[in-house]
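Asks: For reference, this is my_file_6.cif, and it has mmCIF, C-alpha atoms.
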data_model
loop_
_atom_site.label_atom_id
_atom_site.label_comp_id
_atom_site.auth_asym_id
_atom_site.auth_seq_id
_atom_site.Cartn_x
_atom_site.Cartn_y
_atom_site.Cartn_z
CA MET A 228 -16.51 -20.53 0.46
CA VAL A 229 -13.55 -20.93 2.75
CA ASN A 230 -12.03 -17.69 3.87
CA ARG A 231 -8.51 -18.42 2.75
CA ILE A 232 -5.69 -15.87 2.50
CA VAL A 233 -4.92 -15.60 -1.19
CA THR A 234 -1.76 -14.09 -2.62
CA GLY A 235 0.23 -14.70 -5.78
CA ALA A 236 -1.39 -12.27 -8.22
CA HIS A 237 1.84 -12.31 -10.28
CA TYR A 238 2.05 -8.62 -10.84
CA GLY A 239 3.73 -5.82 -8.99
CA LEU A 240 7.09 -5.42 -10.68
CA ARG A 241 5.71 -3.53 -13.68
CA ASP A 242 3.80 -1.13 -11.42
CA TRP A 243 6.78 -0.64 -9.13
CA LEU A 244 9.02 0.12 -12.11
CA THR A 245 6.43 2.39 -13.73
CA GLN A 246 6.06 4.33 -10.51
CA ARG A 247 9.81 5.03 -10.56
CA VAL A 248 9.93 6.00 -14.23
CA THR A 249 6.90 8.30 -13.92
CA ALA A 250 8.44 9.91 -10.84
CA VAL A 251 11.58 10.78 -12.82
CA LEU A 252 9.54 12.15 -15.72
CA MET A 253 7.46 14.32 -13.39
CA ALA A 254 10.60 15.62 -11.66
CA VAL A 255 12.13 16.59 -15.01
CA TYR A 256 8.92 18.34 -16.12
CA ILE A 257 8.66 20.30 -12.86
CA LEU A 258 12.31 21.39 -13.12
CA VAL A 259 11.83 22.49 -16.74
CA ILE A 260 8.67 24.47 -15.96
CA ALA A 261 10.17 25.98 -12.79
CA GLY A 262 13.33 26.95 -14.66
CA TRP A 263 11.33 28.48 -17.47
CA VAL A 264 9.15 30.48 -15.04
CA LEU A 265 12.23 31.82 -13.22
CA LEU A 266 13.80 32.91 -16.52
CA GLN A 267 10.78 34.97 -17.61
CA PRO A 268 11.25 38.71 -17.05
CA ALA A 269 7.52 39.42 -17.39
CA PHE A 270 4.77 36.97 -16.79
CA GLY A 271 1.24 36.91 -18.11
CA TYR A 272 -1.42 35.19 -20.18
CA ASP A 273 0.38 35.75 -23.47
CA VAL A 274 3.62 34.22 -22.17
CA TRP A 275 1.77 31.12 -20.97
CA THR A 276 -0.15 30.65 -24.24
CA GLU A 277 3.08 31.18 -26.17
CA LEU A 278 4.73 28.38 -24.15
CA PHE A 279 1.89 25.94 -24.83
CA SER A 280 1.42 26.88 -28.48
CA GLY A 281 3.96 24.34 -29.77
CA SER A 282 3.16 20.63 -30.09
CA LEU A 283 6.34 19.69 -28.21
CA MET A 284 5.23 21.40 -25.01
CA ARG A 285 1.73 19.98 -25.32
CA ILE A 286 3.03 16.44 -25.76
CA PHE A 287 5.51 16.91 -22.90
CA THR A 288 2.69 18.18 -20.68
CA LEU A 289 0.43 15.30 -21.65
CA LEU A 290 3.23 12.86 -20.85
CA PHE A 291 3.62 14.57 -17.48
CA LEU A 292 -0.11 14.26 -16.79
CA LEU A 293 -0.22 10.62 -17.90
CA SER A 294 2.70 9.95 -15.56
CA LEU A 295 0.90 11.74 -12.76
CA PHE A 296 -2.30 9.74 -13.29
CA TYR A 297 -0.55 6.37 -13.53
CA HIS A 298 1.59 7.21 -10.50
CA ALA A 299 -1.53 8.27 -8.61
CA TRP A 300 -3.36 5.08 -9.63
CA ILE A 301 -0.66 2.88 -8.09
CA GLY A 302 -0.54 4.99 -4.93
CA VAL A 303 -4.32 5.09 -4.49
CA ARG A 304 -4.59 1.38 -5.21
CA ASP A 305 -1.98 0.63 -2.52
CA ILE A 306 -3.93 2.72 0.00
CA VAL A 307 -7.19 0.98 -0.91
CA MET A 308 -5.46 -2.41 -0.58
CA ASP A 309 -4.37 -1.48 2.94
CA TYR A 310 -7.59 0.04 4.24
CA VAL A 311 -10.51 -1.49 2.35
CA LYS A 312 -10.82 -5.16 3.21
CA PRO A 313 -13.98 -6.46 1.42
CA ALA A 314 -12.96 -7.46 -2.12
CA SER A 315 -16.22 -6.26 -3.70
CA VAL A 316 -15.93 -2.75 -2.27
CA ARG A 317 -12.27 -2.69 -3.27
CA LEU A 318 -13.08 -3.64 -6.84
CA LEU A 319 -15.75 -0.97 -7.00
CA ILE A 320 -13.33 1.70 -5.75
CA HIS A 321 -10.66 0.50 -8.20
CA VAL A 322 -13.09 0.79 -11.11
CA LEU A 323 -14.23 4.26 -10.02
CA VAL A 324 -10.63 5.48 -9.66
CA ILE A 325 -9.66 4.10 -13.07
CA LEU A 326 -12.70 5.63 -14.77
CA SER A 327 -12.08 9.03 -13.21
CA LEU A 328 -8.41 8.92 -14.23
CA ILE A 329 -9.40 8.10 -17.83
CA ALA A 330 -11.84 11.02 -17.71
CA TYR A 331 -8.99 13.26 -16.51
CA VAL A 332 -6.85 12.16 -19.46
CA ILE A 333 -9.59 13.07 -21.95
CA TRP A 334 -10.13 16.37 -20.17
CA ALA A 335 -6.39 17.11 -20.20
CA VAL A 336 -6.19 16.48 -23.96
CA GLN A 337 -9.19 18.75 -24.49
CA ILE A 338 -7.58 21.55 -22.47
CA LEU A 339 -4.10 21.23 -23.98
CA TRP A 340 -5.22 21.13 -27.60
CA GLY A 341 -7.97 23.67 -27.05
CA LEU A 342 -5.54 26.38 -26.01
CA MET B 77 23.16 1.45 40.24
CA SER B 78 19.45 1.87 40.85
CA LEU B 79 17.22 1.11 37.91
CA ARG B 80 13.57 1.78 37.28
CA PHE B 81 11.52 -0.33 34.89
CA LYS B 82 8.05 -0.22 33.40
CA ILE B 83 7.23 -3.64 32.07
CA TYR B 84 4.24 -4.76 30.00
CA ARG B 85 2.30 -7.45 31.83
CA TYR B 86 -0.52 -9.53 30.45
CA ASN B 87 -1.77 -12.91 31.43
CA PRO B 88 -4.81 -13.65 29.26
CA GLU B 89 -6.06 -16.19 31.79
CA ALA B 90 -6.12 -13.74 34.70
CA ASP B 91 -6.06 -10.16 33.34
CA ASN B 92 -8.83 -8.35 31.52
CA ALA B 93 -6.36 -6.02 29.80
CA PRO B 94 -2.60 -5.55 29.58
CA TYR B 95 -1.03 -3.12 32.07
CA MET B 96 2.42 -1.66 32.80
CA GLN B 97 4.06 -2.76 36.04
CA ASP B 98 6.75 -0.72 37.79
CA PHE B 99 9.89 -2.46 39.02
CA ASP B 100 12.95 -1.17 40.89
CA LEU B 101 16.27 -2.92 40.89
CA ASP B 102 19.61 -2.32 42.55
CA LEU B 103 22.43 -3.63 40.48
CA GLN B 104 26.23 -3.61 40.75
CA ALA B 105 27.53 -1.09 38.24
CA GLY B 106 29.31 -2.67 35.32
CA ASP B 107 28.60 -3.85 31.85
CA ALA B 108 25.37 -5.67 32.71
CA MET B 109 22.91 -6.25 29.91
CA LEU B 110 19.15 -5.78 30.00
CA LEU B 111 18.63 -9.54 30.10
CA ASP B 112 20.67 -9.75 33.34
CA ALA B 113 18.30 -7.22 34.87
CA LEU B 114 15.22 -9.08 33.63
CA MET B 115 16.52 -12.31 35.17
CA LEU B 116 17.03 -10.53 38.51
CA LEU B 117 13.54 -9.06 38.23
CA ARG B 118 12.17 -12.53 37.74
CA GLN B 119 13.64 -13.39 41.15
CA GLN B 120 11.46 -10.57 42.56
CA ASP B 121 8.38 -11.71 40.66
CA ASP B 122 8.54 -15.20 39.22
CA SER B 123 5.41 -14.69 37.14
CA LEU B 124 7.28 -12.36 34.74
CA GLY B 125 7.35 -14.12 31.38
CA PHE B 126 10.02 -13.68 28.71
CA ARG B 127 12.02 -15.95 26.41
CA LYS B 128 15.78 -16.36 26.53
CA SER B 129 18.30 -18.96 25.64
CA CYS B 130 21.89 -18.27 24.56
CA ARG B 131 22.32 -14.91 26.38
CA GLU B 132 24.78 -13.66 23.73
CA GLY B 133 22.79 -12.48 20.72
CA VAL B 134 22.96 -15.69 18.72
CA CYS B 135 19.64 -17.44 19.27
CA GLY B 136 17.30 -14.49 18.86
CA SER B 137 14.88 -15.60 21.60
CA ASP B 138 14.83 -12.46 23.72
CA ALA B 139 13.75 -9.93 21.12
CA MET B 140 11.52 -7.28 22.70
CA ASN B 141 10.56 -3.66 22.41
CA ILE B 142 13.00 -1.69 24.57
CA ASN B 143 12.18 2.00 25.12
CA GLY B 144 10.19 1.95 21.90
CA ARG B 145 12.80 0.17 19.80
CA ASN B 146 13.04 -3.51 18.97
CA GLY B 147 16.22 -5.21 20.12
CA LEU B 148 17.73 -8.19 21.87
CA ALA B 149 17.75 -7.83 25.66
CA CYS B 150 20.94 -9.90 26.00
CA ILE B 151 23.12 -7.52 23.97
CA THR B 152 21.54 -4.23 25.06
CA PRO B 153 23.74 -2.65 27.76
CA LEU B 154 21.72 -1.22 30.64
CA SER B 155 23.96 1.85 30.59
CA SER B 156 22.69 2.73 27.11
CA LEU B 157 19.05 2.96 28.22
CA LYS B 158 17.12 5.97 29.45
CA GLN B 159 15.11 5.43 32.63
CA PRO B 160 12.48 4.34 33.38
CA ILE B 161 13.28 1.50 31.00
CA GLU B 162 10.05 0.63 29.22
CA ILE B 163 9.83 -2.96 28.04
CA ARG B 164 7.05 -4.24 25.83
CA PRO B 165 6.59 -7.35 23.69
CA LEU B 166 7.45 -7.16 19.98
CA PRO B 167 4.72 -5.12 18.28
CA GLY B 168 2.32 -6.58 15.73
CA LEU B 169 2.26 -10.17 16.99
CA PRO B 170 -0.30 -11.72 19.36
CA VAL B 171 0.85 -11.76 23.00
CA ILE B 172 0.88 -15.15 24.69
CA ARG B 173 1.96 -13.78 28.06
CA ASP B 174 3.91 -10.69 29.18
CA LEU B 175 6.88 -10.36 26.79
CA ILE B 176 6.25 -13.67 25.03
CA VAL B 177 4.65 -13.34 21.58
CA ASP B 178 3.19 -15.88 19.20
CA MET B 179 5.67 -16.08 16.30
CA THR B 180 3.51 -18.38 14.13
CA GLN B 181 2.75 -15.72 11.51
CA PHE B 182 6.41 -14.71 11.33
CA PHE B 183 7.57 -18.29 10.71
CA LYS B 184 4.73 -18.95 8.26
CA GLN B 185 6.08 -16.14 6.10
CA TYR B 186 9.63 -17.45 6.55
CA HIS B 187 8.58 -20.94 5.41
CA SER B 188 6.71 -19.49 2.43
CA ILE B 189 9.96 -18.46 0.73
CA LYS B 190 11.37 -22.03 0.85
CA PRO B 191 14.31 -21.30 3.15
CA TYR B 192 16.43 -24.19 1.92
CA LEU B 193 18.71 -24.91 -1.00
CA VAL B 194 16.96 -26.41 -4.04
CA ASN B 195 19.37 -28.35 -6.20
CA ASN B 196 18.24 -31.26 -8.33
CA ASP B 197 21.69 -32.44 -9.42
CA PRO B 198 22.83 -35.72 -7.88
CA PRO B 199 24.68 -34.96 -4.66
CA PRO B 200 28.46 -34.95 -5.18
CA GLU B 201 30.87 -37.10 -3.15
CA THR B 202 31.93 -34.08 -1.12
CA GLU B 203 30.35 -30.65 -0.57
CA ARG B 204 28.87 -28.52 -3.33
CA LEU B 205 31.74 -26.08 -3.58
CA GLN B 206 31.54 -22.35 -4.26
CA SER B 207 34.26 -19.93 -5.27
CA PRO B 208 35.24 -17.49 -2.51
CA GLU B 209 33.62 -14.69 -4.54
CA ASP B 210 30.33 -16.56 -4.85
CA ARG B 211 30.43 -17.38 -1.17
CA ALA B 212 31.04 -13.71 -0.35
CA GLU B 213 27.66 -12.91 -1.94
CA LEU B 214 26.01 -14.56 1.06
CA ASP B 215 27.71 -12.31 3.61
CA GLY B 216 25.19 -10.03 5.27
CA LEU B 217 22.42 -12.52 4.45
CA TYR B 218 23.14 -15.81 6.20
CA GLU B 219 23.78 -14.14 9.58
CA CYS B 220 20.06 -13.54 10.20
CA ILE B 221 18.98 -15.19 13.46
CA LEU B 222 15.21 -14.86 12.87
CA CYS B 223 14.66 -12.83 16.03
CA ALA B 224 11.82 -10.92 14.27
CA CYS B 225 13.05 -7.49 15.44
CA CYS B 226 12.94 -6.18 11.85
CA THR B 227 9.68 -7.72 10.71
CA THR B 228 7.77 -6.57 13.78
CA ALA B 229 9.17 -3.04 13.35
CA CYS B 230 7.76 -2.86 9.81
CA PRO B 231 4.45 -0.98 9.33
CA SER B 232 3.78 -2.93 6.13
CA PHE B 233 3.93 -6.14 8.19
CA TRP B 234 1.68 -4.68 10.91
CA TRP B 235 -0.87 -3.94 8.19
CA ASN B 236 -0.66 -7.16 6.17
CA PRO B 237 1.08 -9.80 8.32
CA ASP B 238 -0.77 -12.56 6.49
CA LYS B 239 0.27 -11.40 3.02
CA PHE B 240 3.51 -9.39 3.20
CA VAL B 241 6.55 -11.64 3.68
CA GLY B 242 8.31 -9.04 5.83
CA PRO B 243 11.94 -7.91 5.87
CA SER B 244 13.32 -10.99 7.57
CA GLY B 245 11.64 -13.41 5.15
CA LEU B 246 12.69 -11.32 2.16
CA LEU B 247 16.30 -11.16 3.36
CA GLN B 248 16.21 -14.95 3.55
CA ALA B 249 14.57 -15.13 0.12
CA TYR B 250 17.47 -13.19 -1.32
CA ARG B 251 19.94 -15.36 0.62
CA PHE B 252 18.80 -18.31 -1.55
CA LEU B 253 18.44 -16.26 -4.73
CA ALA B 254 22.05 -15.18 -4.27
CA ASP B 255 23.32 -18.71 -3.69
CA THR B 256 25.05 -20.08 -6.80
CA ARG B 257 24.24 -23.63 -5.71
CA ASP B 258 20.49 -23.00 -5.79
CA GLN B 259 18.58 -23.90 -8.97
CA ASP B 260 15.15 -22.54 -8.11
CA THR B 261 15.67 -18.88 -9.09
CA ALA B 262 12.73 -18.58 -11.50
CA ALA B 263 10.24 -20.17 -9.11
CA ARG B 264 11.57 -18.09 -6.22
CA LEU B 265 11.07 -14.87 -8.21
CA ASP B 266 7.59 -16.01 -9.33
CA ASN B 267 6.72 -16.64 -5.70
CA LEU B 268 7.54 -13.03 -4.82
CA GLU B 269 6.13 -11.31 -7.93
CA ASP B 270 3.07 -10.14 -6.06
CA PRO B 271 1.70 -6.77 -4.97
CA TYR B 272 1.57 -7.94 -1.36
CA ARG B 273 4.35 -10.45 -0.80
CA LEU B 274 7.25 -8.28 -1.97
CA PHE B 275 5.92 -4.95 -3.18
CA ARG B 276 4.31 -3.92 0.12
CA CYS B 277 7.85 -2.85 1.08
CA HIS B 278 7.85 0.95 0.79
CA THR B 279 11.50 1.32 1.88
CA ILE B 280 10.61 2.71 5.30
CA MET B 281 13.85 1.05 6.52
CA ASN B 282 12.79 0.45 10.13
CA CYS B 283 14.23 -3.04 9.55
CA VAL B 284 17.73 -1.70 8.90
CA ASP B 285 17.43 0.61 11.88
CA VAL B 286 16.64 -2.12 14.43
CA CYS B 287 18.49 -5.22 13.18
CA PRO B 288 20.68 -6.39 16.09
CA LYS B 289 23.02 -8.13 13.64
CA GLU B 290 23.34 -4.95 11.57
CA LEU B 291 21.99 -6.59 8.43
CA ASN B 292 20.26 -4.70 5.65
CA PRO B 293 16.95 -6.26 4.53
CA THR B 294 16.08 -3.16 2.47
CA GLU B 295 19.18 -3.66 0.35
CA ALA B 296 18.31 -7.34 -0.13
CA ILE B 297 14.77 -6.40 -1.17
CA GLY B 298 16.24 -3.92 -3.67
CA LYS B 299 18.42 -6.70 -5.09
CA ILE B 300 15.38 -8.97 -5.50
CA LYS B 301 13.67 -6.17 -7.44
CA ASP B 302 16.84 -5.76 -9.55
CA MET B 303 16.75 -9.46 -10.40
CA MET B 304 13.09 -9.17 -11.42
CA VAL B 305 13.83 -6.16 -13.62
CA LYS B 306 16.74 -8.01 -15.25
CA ARG B 307 14.47 -10.95 -15.88
CA MET B 308 11.77 -8.77 -17.42
CA VAL B 309 13.77 -6.50 -19.75
#
Rewrite the coordinates I just gave you, this time as structure tokens.
Replies:
Amino acid sequence: MVNRIVTGAHYGLRDWLTQRVTAVLMAVYILVIAGWVLLQPAFGYDVWTELFSGSLMRIFTLLFLLSLFYHAWIGVRDIVMDYVKPASVRLLIHVLVILSLIAYVIWAVQILWGL
Amino acid sequence: MSLRFKIYRYNPEADNAPYMQDFDLDLQAGDAMLLDALMLLRQQDDSLGFRKSCREGVCGSDAMNINGRNGLACITPLSSLKQPIEIRPLPGLPVIRDLIVDMTQFFKQYHSIKPYLVNNDPPPETERLQSPEDRAELDGLYECILCACCTTACPSFWWNPDKFVGPSGLLQAYRFLADTRDQDTAARLDNLEDPYRLFRCHTIMNCVDVCPKELNPTEAIGKIKDMMVKRMV
């Protein structure tokens, strides 16, 4: 096979846009949590469990984690694209990263709804 | 005015490896530019290789790395430079000899964005006219002289010179996207909708920092992304 430089995968915009949207969502979540922590006079296990007892907070947290994972996927993929040149190794790393991120999502759901 | 230089020398036919050569030069004080000094140095050592043509920042031939920063020798005043003045070829491109680099990759990327007007209407009797407002859209885009200062200052280009178009090429891409007379918008955007060609830009903004014509490729890249978003949503 000729070793030709191939580009033109026709994607990129969606990921670029998603990375921006997820960044905003994560920033909002961090501000909310930080603000809430600062407003607490006393701080302990019961206060934490109280915060995460409602569905709203659980869904918000899951959204934050999904944003984090998707954001991380794009970032890690970009690094792999820069540093790992053989396509087969790159594909393998991509698959491993995606599978571990999916596992993290399942784990996060388990933790959040197991509280 | 006594000047000290350290200049990158490499002749692949004679040298095993590149080395830095020291030069001293006495020059009448004034508003001399770096290129004037280089031309005097070439009288000392006629093997010193560099490109030059217009001597006034229009042709873009004498782009080089001056004290760690890309710029045009002909419009860089000697008085603005800290000594010893360290001159190297543009980074990220193969060196042909001394300060002369092989620009093939740079121009390949430039050609890949179709740097010409695509208009399939029959040519009118006179020019294809634009309103002054439409014409103003091209300001800050058409002035690019393709000196490669920006592209060779871009880490994304150093990493993927064969795949990432680079700031100069993308500025030119937007120059034609912004032209109301051009009819190839969809194909031009398709051509750039790629994780490497456009989206390797991580807004490091070295391009804006070094551009000798004070253009803003990062802004142009942002406008290309805006157009893509508008097209998608």
Asks: Which of these, A:Gly262, A:Gly271, A:Gly281, A:Gly302, has the shortest distance to Asp242 of chain A once you count all atoms listed in the file?
Replies: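 Ranked by minimum distance to Asp242 of chain A, first place goes to A:Gly302.
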Asks: Carefully work through the PyMOL selection byres ((chain A) within 7 of (chain B)) for this structure and note down the residues it includes, as a short mmCIF file (atom, residue, chain, number, x, y, z; two decimals) with C-alpha atoms, in the frame of the given file.
Replies:
data_model
loop_
_atom_site.label_atom_id
_atom_site.label_comp_id
_atom_site.auth_asym_id
_atom_site.auth_seq_id
_atom_site.Cartn_x
_atom_site.Cartn_y
_atom_site.Cartn_z
CA THR A 234 -1.76 -14.09 -2.62
CA GLY A 235 0.23 -14.70 -5.78
CA ALA A 236 -1.39 -12.27 -8.22
CA HIS A 237 1.84 -12.31 -10.28
CA TYR A 238 2.05 -8.62 -10.84
CA GLY A 239 3.73 -5.82 -8.99
CA LEU A 240 7.09 -5.42 -10.68
CA ASP A 309 -4.37 -1.48 2.94
#
Asks: Name the residues that the PyMOL selection byres ((chain B and resi 95) around 12) picks from the file above, as an MDAnalysis selection string, using the file's chain letters and numbers.
Replies: chainID B and resid 82:88 91:94 96:98 163:164 173:175
Asks: Could you spell out the hits of the PyMOL selection byres ((chain A and resi 249) around 8) on the shown file, as a list of chain:residue names?
Replies: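 Against this file, the PyMOL selection byres ((chain A and resi 249) around 8) returns the residues A:Thr245, A:Gln246, A:Arg247, A:Val248, A:Ala250, A:Val251, A:Leu252, A:Met253, A:Phe291, A:Ser294, A:Leu295, A:Tyr297, A:His298.
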Asks: Give as a list in words every residue, naming chains and numbers as the document does, that has an atom within 12 Å of (-7.4, 13.7, -19.4), counting all atoms listed in the file.
Replies: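 Neighbouring residues, ordered by chain and number, come to Thr288, Leu289, Leu290, Phe291, Leu292, Leu293, Ser294, Leu295, Phe296, Tyr297, Ile325, Leu326, Ser327, Leu328, Ile329, Ala330, Tyr331, Val332, Ile333, Trp334, Ala335, Val336, Gln337, Ile338, Leu339 and Trp340 of chain A.
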Asks: So which residues touch Phe233 of chain B within 8 Å, counting all atoms listed in the file, skipping near sequence neighbours fewer than 6 positions away, as a ChimeraX atom specification?
Replies: /B:168,227,240-242
Asks: Compile the contact shell of Leu323 of chain A as a list of chain:residue names: residues with an atom at most 12 Å away, counting all atoms listed in the file, same-chain residues fewer than 5 positions apart removed.
Replies: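 Residues near the query, excluding close chain neighbours: A:Trp300, A:Val303, A:Arg304, A:Val307, A:Val316, A:Arg317, A:Leu318, A:Leu328, A:Ile329, A:Ala330.
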Asks: Write out as a list in words which residues come within 8 Å of segment 118-134 of chain B when counting only C-alpha atoms, dropping same-chain ones fewer than 2 positions away.
Replies: Arg85, Leu111, Leu114, Met115, Leu116, Gly136, Ser137, Asp138, Leu148, Cys150, Ile151, Arg173, Asp174, Leu175, Ile176, Ile221 and Pro288 of chain B
Asks: Now that the selection is made, can you save its residues with C-alpha atoms as a PDB file, in the coordinates of the input?
Replies:
ATOM      1  CA  ARG B  85       2.300  -7.450  31.830  1.00  0.00           C
ATOM      2  CA  LEU B 111      18.630  -9.540  30.100  1.00  0.00           C
ATOM      3  CA  LEU B 114      15.220  -9.080  33.630  1.00  0.00           C
ATOM      4  CA  MET B 115      16.520 -12.310  35.170  1.00  0.00           C
ATOM      5  CA  LEU B 116      17.030 -10.530  38.510  1.00  0.00           C
ATOM      6  CA  GLY B 136      17.300 -14.490  18.860  1.00  0.00           C
ATOM      7  CA  SER B 137      14.880 -15.600  21.600  1.00  0.00           C
ATOM      8  CA  ASP B 138      14.830 -12.460  23.720  1.00  0.00           C
ATOM      9  CA  LEU B 148      17.730  -8.190  21.870  1.00  0.00           C
ATOM     10  CA  CYS B 150      20.940  -9.900  26.000  1.00  0.00           C
ATOM     11  CA  ILE B 151      23.120  -7.520  23.970  1.00  0.00           C
ATOM     12  CA  ARG B 173       1.960 -13.780  28.060  1.00  0.00           C
ATOM     13  CA  ASP B 174       3.910 -10.690  29.180  1.00  0.00           C
ATOM     14  CA  LEU B 175       6.880 -10.360  26.790  1.00  0.00           C
ATOM     15  CA  ILE B 176       6.250 -13.670  25.030  1.00  0.00           C
ATOM     16  CA  ILE B 221      18.980 -15.190  13.460  1.00  0.00           C
ATOM     17  CA  PRO B 288      20.680  -6.390  16.090  1.00  0.00           C
TER      18      PRO B 288
END
Asks: Every residue with an atom at most 6 Å from (17.6, -3.7, 36.7) (file coordinates; all atoms listed in the file) is what I'm after, so could you write them as a list of chain:residue names?
Replies: B:Leu79, B:Leu101, B:Ala113
Asks: Filtering to C-alpha atoms, could you give me those residues as a short mmCIF file (atom, residue, chain, number, x, y, z; two decimals), keeping the file's coordinate frame?
Replies:
data_model
loop_
_atom_site.label_atom_id
_atom_site.label_comp_id
_atom_site.auth_asym_id
_atom_site.auth_seq_id
_atom_site.Cartn_x
_atom_site.Cartn_y
_atom_site.Cartn_z
CA LEU B 79 17.22 1.11 37.91
CA LEU B 101 16.27 -2.92 40.89
CA ALA B 113 18.30 -7.22 34.87
#
